[in-house]
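Enquirer: Take this structure first; my questions come after.
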Amino acid sequence: MSNNPTGIPEINIRVIIIGILLSIVMGSANVYLGLKAGMTVSASIPAAVVGMLVLRQIRAFNNETNSGSILEANQIQTAASAGESLAAGIIFTMPALIIIGVWQEFDMILTTVIAFTGGLLGILFMIPMRQVFIVKNEDNLQYPEGLACASVLEAGQESDSSSSAGLIIKGALIGGAFKGLISFFGALKGVLEGAILIGNRIFFFGGDISPALLAVGFIVRLNVAILIFIGGFLGWLVGIPLLGQGLEHAADPLGGAAFLWSTKIRYVGVGAMVVGGISSIFKVRNGLADAIKVLIKNQKGTIQKDIPNNERDIPAKAINIFSTIAVILVGGVYYYITNDVTIALITTFIMIIMAFFFTAVASYIVGLVGNSNSPVSGMTITAVLFTGGLLYVFGFSGTEGMVATLGVAAIVCCAACTSGDVCNDLKTGQIVGATPYRQQIMQIIGVAVASLVMAPILQLLHDNTPGGIGGRELAAPQAGLFASLADGFFGTGNLPLDMVIIGAVIGIIILIADYLLVSSGRAGSFRLHLMPIAVGMYLPFGLSTPILVGGLLAHFILSKNNSDKDPDSILQNGILFSSGLIAGESLMGILLALVASIGINNIHLGLQPDIITGLTFVSALGAIWFLYASSKSK
């Protein structure tokens, strides 16, 4: 572990400015990616690389020789990743109010307040857990993404970071070009898919043509990519043929497959996710109890007084003040959207309990599988079901019940996403010798700034993307799911409990299979994690295909490299290029929405359909080749 020598800077004006800008960029990019793919990826590594490059250029311009850039770059990535994590919390929940019809457009002030308060609570609730999950770490949590980011920071001190940043830029240009050719010029298809009727059963096949999804698969690697594909396979290629009579959809089998998935199959994923969320809480029970003990001791001042300055967290008094402000704001939000004091008080109480519990769960899971693989969806679904059921028992109904339920889910989701990111960043900081309370300050800054851009970006995409949020291009699968759950509790929607129960049974079977796999000693590097399988069930199947290809490509590169190097080091170039692909496609999507807002929707080139299909195949293969070529170890 590195130490922080006296005099080495961590936070200054340029660090704050660069961190704020990257928080906005990474947050915006992940808003688009999350709406499209139903998942986000960690921004820590690309932000660290870009931060080191910018700092190096500034130092060269000013003829500086200070050696503290690793700590400054760490603070930059800390703020930037806050924007990414907050984006996940918002896009998984707030669009549900649009999909369900309660909002016709996003409430800018309300969305901003929810984003800020949820993110702030996630940071504040996680602070006492640092001692449990990072410092003591009795469960030997590995923090794969935190370790990888620390390795990138340390390697950047010994080499020229311009080549790494070049990979990100190259990927961004290619990702942006794909998005432009698909959505603006119409020269490529966004998806190649079809469905056929065999007997009276529908069989679907296809995949999205998206470099960003290919990149997601590369980053999460083969284990998770296979699990997502297994979920999609079970849902679309097993579930739909088994559960759905296809004759009524003979004229449009593709539309029939989509209908059966949206009305039945994805609720199987919901049931599996509920089991996954409960399982996650059970796994973290000991750590949660320890965190509560630390919180109590912290209030008595028995923790911080005897530790060095560079190991201290934000003081307990400040945590209390900020937490009180956040809770008051949340209570005000719930009263504003329900206009009912009783509902506001109940939902505020539920939110506090759930946010604290899921902060612990998210922090623990991030230590096991990384931030990108954290099962936030399962936690949020659990919050939706518990809150909705409780309010239903209390007699609430209609719009008030739906809005209150989704309001709790939004805060809990933001808190869980942000707390996991905080835990990951603090692990990176521990390795490179950063000061915890300074990182926590940068997290708060990152959340505060990112919360200001969430609502405008969401509204821009909703107004200027074909089909809006909830349509084919920006399906917002989690938000659509939460909208259906809330409507099933309090509205006119039909919640297919039989499908939820089937999913729960499947989830239990998967947990048992994973336990047997581990206890037999045959697991190796492959685990049957439940949440990725459940995610695959409720995502459109076309998304899982490129994710699987990306995971296979990462595995192929690792298998060809027989050196003793760490896998993260072998794949580092590919991860940076993949980060660029995601950022490029996502930011181009936002740019095209901005262009559409001034009346320029597209400029189609008028190519024949067969030519477009051929170009799409060639371009998809080209994207795979570019990722492979950029991933080769030096």
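Following the order of the structure tokens, first chain is A, next is B, and so on, with residues numbered from 1 inside each chain and ligands from 1 in the order they appear.
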Can you pull out the residues contacting A:Ile98? Cut-off 9 Å, using only C-alpha atoms, and skip same-chain residues under 6 positions away; I want them as a PDB file with N, CA, C and O atoms, in the first residue's frame.

Expert:
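What ended up in selection20.pdb:
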ATOM      1  N   GLN A 104     -45.760  13.751 -18.176  1.00  0.00           N
ATOM      2  CA  GLN A 104     -45.664  13.907 -19.628  1.00  0.00           C
ATOM      3  C   GLN A 104     -44.263  14.362 -20.022  1.00  0.00           C
ATOM      4  O   GLN A 104     -43.825  14.164 -21.151  1.00  0.00           O
ATOM      5  N   GLU A 105     -43.589  14.997 -19.083  1.00  0.00           N
ATOM      6  CA  GLU A 105     -42.194  15.382 -19.264  1.00  0.00           C
ATOM      7  C   GLU A 105     -41.515  15.362 -17.892  1.00  0.00           C
ATOM      8  O   GLU A 105     -42.179  15.381 -16.857  1.00  0.00           O
ATOM      9  N   PHE A 106     -40.199  15.278 -17.898  1.00  0.00           N
ATOM     10  CA  PHE A 106     -39.470  15.175 -16.641  1.00  0.00           C
ATOM     11  C   PHE A 106     -39.555  16.481 -15.860  1.00  0.00           C
ATOM     12  O   PHE A 106     -39.359  17.565 -16.417  1.00  0.00           O
ATOM     13  N   ILE A 469     -38.242   7.556 -24.672  1.00  0.00           N
ATOM     14  CA  ILE A 469     -37.817   6.607 -23.649  1.00  0.00           C
ATOM     15  C   ILE A 469     -38.928   5.583 -23.440  1.00  0.00           C
ATOM     16  O   ILE A 469     -40.084   5.932 -23.218  1.00  0.00           O
ATOM     17  N   GLY A 470     -38.560   4.320 -23.531  1.00  0.00           N
ATOM     18  CA  GLY A 470     -39.533   3.242 -23.498  1.00  0.00           C
ATOM     19  C   GLY A 470     -39.784   2.658 -24.864  1.00  0.00           C
ATOM     20  O   GLY A 470     -40.437   1.614 -24.992  1.00  0.00           O
ATOM     21  N   ALA A 483     -42.295   0.443 -13.710  1.00  0.00           N
ATOM     22  CA  ALA A 483     -43.587   1.041 -14.031  1.00  0.00           C
ATOM     23  C   ALA A 483     -44.680  -0.031 -14.025  1.00  0.00           C
ATOM     24  O   ALA A 483     -45.784   0.187 -13.503  1.00  0.00           O
TER      25      ALA A 483
END

Enquirer: Within 10 Å of A:Leu627, counting only C-alpha atoms, which residues qualify if same-chain residues fewer than 2 places away don't, as a list in words?

Expert: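 In the requested form, the answer reads Gly171, Pro211, Leu214, Ala215, Phe218, Gly550, Leu553, Ala554, Asn573, Gly574, Ile575, Phe577, Ser578, Leu581, Gly622, Ala623, Ile624, Trp625, Ala629, Ser630, Ser631 and Lys632 of chain A.
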
Enquirer: Among the residues of stretch 60-268 of chain A, find those DSSP assigns to strand (DSSP E) from the backbone and print them as a list of chain:residue names.

Expert: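 Answer for stretch 60-268 of chain A restricted to strand (DSSP E) is A:Val191, A:Leu192, A:Glu193, A:Gly194, A:Ala195, A:Ile196, A:Leu197, A:Ile198, A:Arg201, A:Ile202, A:Phe203, A:Phe204, A:Phe205, A:Gly206, A:Gly207, A:Asp208.
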
Enquirer: Write out the residues from the selection above, keeping C-alpha atoms, as a tab-separated table (two decimals), in the first residue's frame.

Expert:
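File written: part-v1.tsv
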chain	number	residue	atom	x	y	z
A	191	VAL	CA	-30.54	-4.57	-35.24
A	192	LEU	CA	-30.66	-7.74	-37.29
A	193	GLU	CA	-33.50	-9.91	-36.01
A	194	GLY	CA	-36.30	-12.17	-37.09
A	195	ALA	CA	-38.88	-14.66	-35.83
A	196	ILE	CA	-40.48	-17.73	-37.34
A	197	LEU	CA	-43.47	-19.87	-36.49
A	198	ILE	CA	-42.76	-23.59	-36.09
A	201	ARG	CA	-44.61	-21.80	-31.34
A	202	ILE	CA	-42.61	-18.66	-31.99
A	203	PHE	CA	-38.83	-18.86	-32.25
A	204	PHE	CA	-36.86	-15.60	-32.20
A	205	PHE	CA	-33.29	-14.92	-33.27
A	206	GLY	CA	-31.23	-11.77	-33.75
A	207	GLY	CA	-28.84	-9.26	-32.28
A	208	ASP	CA	-28.20	-5.55	-31.98

Enquirer: Would you mind listing what lies within 9 Å of A:Thr435 as a list of chain:residue names, with only C-alpha atoms counted and same-chain residues fewer than 2 positions away left out?

Expert: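 Those residues are A:Asn4, A:Glu10, A:Leu71, A:Asn309, A:Asn310, A:Glu311, A:Arg312, A:Asp313, A:Leu426, A:Gly429, A:Gln430, A:Gly433, A:Tyr437, A:Arg438, A:Gln439, A:Gln440.
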
Enquirer: Pull all heavy atoms from the residues just selected and write them as a compact mmCIF listing (two decimals), in the first residue's frame.

Expert:
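That gives us again-v4.txt:
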# COMPACT_ATOMS: atom_id res chain seq x y z
N ASN A 4 0.85 8.55 1.56
CA ASN A 4 0.71 9.89 1.01
C ASN A 4 1.72 10.81 1.68
O ASN A 4 1.49 11.29 2.78
CB ASN A 4 -0.73 10.40 1.27
CG ASN A 4 -0.95 11.78 0.67
OD1 ASN A 4 -0.03 12.40 0.14
ND2 ASN A 4 -2.18 12.25 0.75
N GLU A 10 -3.65 16.71 -3.53
CA GLU A 10 -4.73 15.83 -3.95
C GLU A 10 -5.86 16.63 -4.59
O GLU A 10 -6.30 16.31 -5.68
CB GLU A 10 -5.25 15.02 -2.76
CG GLU A 10 -4.35 13.88 -2.33
CD GLU A 10 -5.04 12.96 -1.34
OE1 GLU A 10 -6.02 12.29 -1.74
OE2 GLU A 10 -4.61 12.90 -0.18
N LEU A 71 -2.19 11.00 -7.19
CA LEU A 71 -3.23 11.33 -6.21
C LEU A 71 -4.26 12.29 -6.80
O LEU A 71 -5.45 12.18 -6.53
CB LEU A 71 -2.60 11.91 -4.95
CG LEU A 71 -1.65 10.97 -4.20
CD1 LEU A 71 -1.06 11.68 -2.99
CD2 LEU A 71 -2.36 9.70 -3.77
N ASN A 309 -4.34 11.66 10.13
CA ASN A 309 -5.19 12.52 9.32
C ASN A 309 -5.49 11.90 7.95
O ASN A 309 -6.59 12.03 7.42
CB ASN A 309 -4.53 13.89 9.12
CG ASN A 309 -4.62 14.74 10.38
OD1 ASN A 309 -5.52 14.56 11.19
ND2 ASN A 309 -3.66 15.64 10.56
N ASN A 310 -4.48 11.25 7.35
CA ASN A 310 -4.68 10.73 6.00
C ASN A 310 -5.47 9.42 5.98
O ASN A 310 -5.56 8.77 4.95
CB ASN A 310 -3.33 10.53 5.29
CG ASN A 310 -2.49 9.44 5.92
OD1 ASN A 310 -2.70 9.07 7.06
ND2 ASN A 310 -1.51 8.96 5.16
N GLU A 311 -6.04 9.03 7.13
CA GLU A 311 -6.92 7.86 7.17
C GLU A 311 -8.31 8.23 7.69
O GLU A 311 -9.15 7.35 7.89
CB GLU A 311 -6.31 6.76 8.05
CG GLU A 311 -5.02 6.19 7.48
CD GLU A 311 -4.44 5.08 8.36
OE1 GLU A 311 -5.16 4.64 9.28
OE2 GLU A 311 -3.28 4.69 8.14
N ARG A 312 -8.56 9.49 7.89
CA ARG A 312 -9.83 9.91 8.47
C ARG A 312 -10.92 10.09 7.42
O ARG A 312 -10.66 10.47 6.29
CB ARG A 312 -9.65 11.22 9.24
CG ARG A 312 -8.83 11.07 10.50
CD ARG A 312 -8.86 12.32 11.35
NE ARG A 312 -8.14 12.15 12.60
CZ ARG A 312 -8.07 13.06 13.55
NH1 ARG A 312 -8.67 14.22 13.39
NH2 ARG A 312 -7.39 12.82 14.65
N ASP A 313 -12.14 9.81 7.85
CA ASP A 313 -13.32 10.04 7.04
C ASP A 313 -13.89 11.43 7.35
O ASP A 313 -13.41 12.12 8.25
CB ASP A 313 -14.38 8.98 7.33
CG ASP A 313 -13.91 7.59 6.95
OD1 ASP A 313 -13.53 7.39 5.79
OD2 ASP A 313 -13.92 6.70 7.84
N LEU A 426 -12.81 4.20 -2.85
CA LEU A 426 -12.04 4.26 -1.61
C LEU A 426 -11.02 3.12 -1.55
O LEU A 426 -9.95 3.27 -0.95
CB LEU A 426 -12.97 4.21 -0.41
CG LEU A 426 -13.80 5.48 -0.16
CD1 LEU A 426 -14.78 5.27 0.98
CD2 LEU A 426 -12.90 6.68 0.13
N GLY A 429 -8.24 4.35 -3.62
CA GLY A 429 -7.53 5.36 -2.84
C GLY A 429 -6.67 4.75 -1.76
O GLY A 429 -5.55 5.23 -1.49
N GLN A 430 -7.15 3.69 -1.11
CA GLN A 430 -6.35 3.02 -0.08
C GLN A 430 -5.05 2.48 -0.67
O GLN A 430 -3.98 2.57 -0.06
CB GLN A 430 -7.16 1.88 0.53
CG GLN A 430 -6.42 1.15 1.67
CD GLN A 430 -7.04 -0.19 1.99
OE1 GLN A 430 -7.43 -0.93 1.09
NE2 GLN A 430 -7.16 -0.49 3.27
N GLY A 433 -2.68 5.47 -1.68
CA GLY A 433 -2.33 6.36 -0.58
C GLY A 433 -3.12 7.65 -0.52
O GLY A 433 -2.63 8.66 -0.02
N TYR A 437 -11.24 11.21 3.43
CA TYR A 437 -12.24 12.29 3.52
C TYR A 437 -12.17 13.20 2.30
O TYR A 437 -13.17 13.78 1.90
CB TYR A 437 -12.11 13.07 4.83
CG TYR A 437 -11.01 14.10 4.90
CD1 TYR A 437 -11.20 15.39 4.40
CD2 TYR A 437 -9.78 13.79 5.49
CE1 TYR A 437 -10.19 16.33 4.49
CE2 TYR A 437 -8.78 14.73 5.57
CZ TYR A 437 -8.98 16.00 5.07
OH TYR A 437 -7.98 16.95 5.15
N ARG A 438 -10.97 13.33 1.69
CA ARG A 438 -10.87 14.13 0.47
C ARG A 438 -11.59 13.44 -0.69
O ARG A 438 -12.23 14.10 -1.52
CB ARG A 438 -9.41 14.40 0.13
CG ARG A 438 -8.71 15.35 1.10
CD ARG A 438 -7.38 15.83 0.53
NE ARG A 438 -6.78 16.83 1.40
CZ ARG A 438 -5.71 16.63 2.16
NH1 ARG A 438 -5.13 15.44 2.17
NH2 ARG A 438 -5.22 17.59 2.92
N GLN A 439 -11.46 12.13 -0.76
CA GLN A 439 -12.20 11.40 -1.80
C GLN A 439 -13.70 11.53 -1.58
O GLN A 439 -14.47 11.67 -2.55
CB GLN A 439 -11.81 9.92 -1.79
CG GLN A 439 -10.50 9.61 -2.51
CD GLN A 439 -10.34 8.13 -2.76
OE1 GLN A 439 -9.90 7.40 -1.89
NE2 GLN A 439 -10.68 7.69 -3.95
N GLN A 440 -14.13 11.49 -0.34
CA GLN A 440 -15.56 11.62 -0.06
C GLN A 440 -16.06 13.01 -0.44
O GLN A 440 -17.19 13.16 -0.93
CB GLN A 440 -15.80 11.31 1.42
CG GLN A 440 -15.57 9.84 1.76
CD GLN A 440 -15.15 9.59 3.20
OE1 GLN A 440 -15.19 10.50 4.03
NE2 GLN A 440 -14.76 8.37 3.50

Enquirer: List the spatial neighbours of A:Leu21 as a ChimeraX atom specification - criterion: any atom at most 8 Å away, only C-alpha atoms, same-chain residues fewer than 4 positions off excluded.

Expert: /A:17,25,80

Enquirer: Output the selection as a compact mmCIF listing (two decimals), in the first residue's frame - C-alpha atoms for each residue.

Expert:
# COMPACT_ATOMS: atom_id res chain seq x y z
CA ILE A 17 -12.63 21.41 -12.69
CA VAL A 25 -19.40 13.54 -19.65
CA ALA A 80 -16.05 11.31 -12.63

Enquirer: I'd like the neighbourhood of A:Ser69 as a CSV table (one decimal) with N, CA and C atoms, in the first residue's frame, where a residue qualifies if any of its atoms comes within 10 Å (using only C-alpha atoms), though same-chain residues fewer than 3 positions away should be ignored.

Expert:
chain,number,residue,atom,x,y,z
A,8,ILE,N,2.3,16.4,-1.0
A,8,ILE,CA,1.8,16.0,-2.3
A,8,ILE,C,0.3,16.4,-2.4
A,9,PRO,N,-0.1,17.1,-3.5
A,9,PRO,CA,-1.4,17.6,-3.6
A,9,PRO,C,-2.4,16.6,-4.0
A,10,GLU,N,-3.6,16.7,-3.5
A,10,GLU,CA,-4.7,15.8,-4.0
A,10,GLU,C,-5.9,16.6,-4.6
A,15,VAL,N,-8.0,20.1,-10.4
A,15,VAL,CA,-8.5,18.7,-10.1
A,15,VAL,C,-10.0,18.8,-10.1
A,51,GLY,N,-7.6,11.8,-17.0
A,51,GLY,CA,-7.2,12.7,-15.9
A,51,GLY,C,-5.6,12.8,-15.9
A,52,MET,N,-5.0,11.7,-16.0
A,52,MET,CA,-3.5,11.7,-16.0
A,52,MET,C,-3.0,12.4,-17.3
A,53,LEU,N,-3.6,12.2,-18.4
A,53,LEU,CA,-3.1,12.8,-19.6
A,53,LEU,C,-3.3,14.3,-19.5
A,55,LEU,N,-3.5,16.2,-16.8
A,55,LEU,CA,-2.6,16.7,-15.8
A,55,LEU,C,-1.2,16.8,-16.3
A,56,ARG,N,-0.8,15.8,-17.1
A,56,ARG,CA,0.6,15.8,-17.7
A,56,ARG,C,0.8,16.9,-18.7
A,59,ARG,N,1.1,20.1,-16.7
A,59,ARG,CA,2.4,20.2,-16.1
A,59,ARG,C,3.5,20.6,-17.1
A,65,THR,N,7.3,19.9,-12.1
A,65,THR,CA,7.9,18.6,-11.9
A,65,THR,C,7.3,17.9,-10.7
A,66,ASN,N,6.2,18.4,-10.2
A,66,ASN,CA,5.5,17.7,-9.0
A,66,ASN,C,5.2,16.3,-9.3
A,72,GLU,N,-3.8,13.2,-7.6
A,72,GLU,CA,-4.7,14.1,-8.3
A,72,GLU,C,-5.6,13.4,-9.3
A,73,ALA,N,-5.0,12.5,-10.1
A,73,ALA,CA,-5.7,11.7,-11.0
A,73,ALA,C,-6.7,10.8,-10.3
A,74,ASN,N,-6.4,10.3,-9.2
A,74,ASN,CA,-7.3,9.5,-8.4
A,74,ASN,C,-8.5,10.3,-8.0
A,75,GLN,N,-8.3,11.5,-7.6
A,75,GLN,CA,-9.4,12.4,-7.2
A,75,GLN,C,-10.3,12.7,-8.4
A,153,LEU,N,-3.5,3.7,-12.5
A,153,LEU,CA,-2.9,4.9,-11.9
A,153,LEU,C,-1.4,4.7,-11.7
A,156,GLY,N,0.5,4.5,-14.9
A,156,GLY,CA,0.5,5.8,-15.6
A,156,GLY,C,1.6,6.7,-15.1
A,157,GLN,N,2.1,6.4,-13.9
A,157,GLN,CA,3.2,7.2,-13.4
A,157,GLN,C,4.6,6.8,-14.0

Enquirer: Taking only C-alpha atoms into account, produce a table as a Markdown table in which each residue of stretch 55-89 of chain A with an atom at most 9 Å from an atom of stretch 419-424 of chain A appears once, together with its shortest atom pair and the distance in Å to one decimal, ordered by chain and rising number.

Expert:
| residue | atom | partner | partner_atom | distance |
| --- | --- | --- | --- | --- |
| A:Thr78 | CA | A:Val422 | CA | 7.8 |
| A:Ser81 | CA | A:Asp421 | CA | 7.0 |
| A:Ala82 | CA | A:Asp421 | CA | 6.8 |
| A:Glu84 | CA | A:Asp421 | CA | 8.8 |
| A:Ser85 | CA | A:Asp421 | CA | 6.3 |
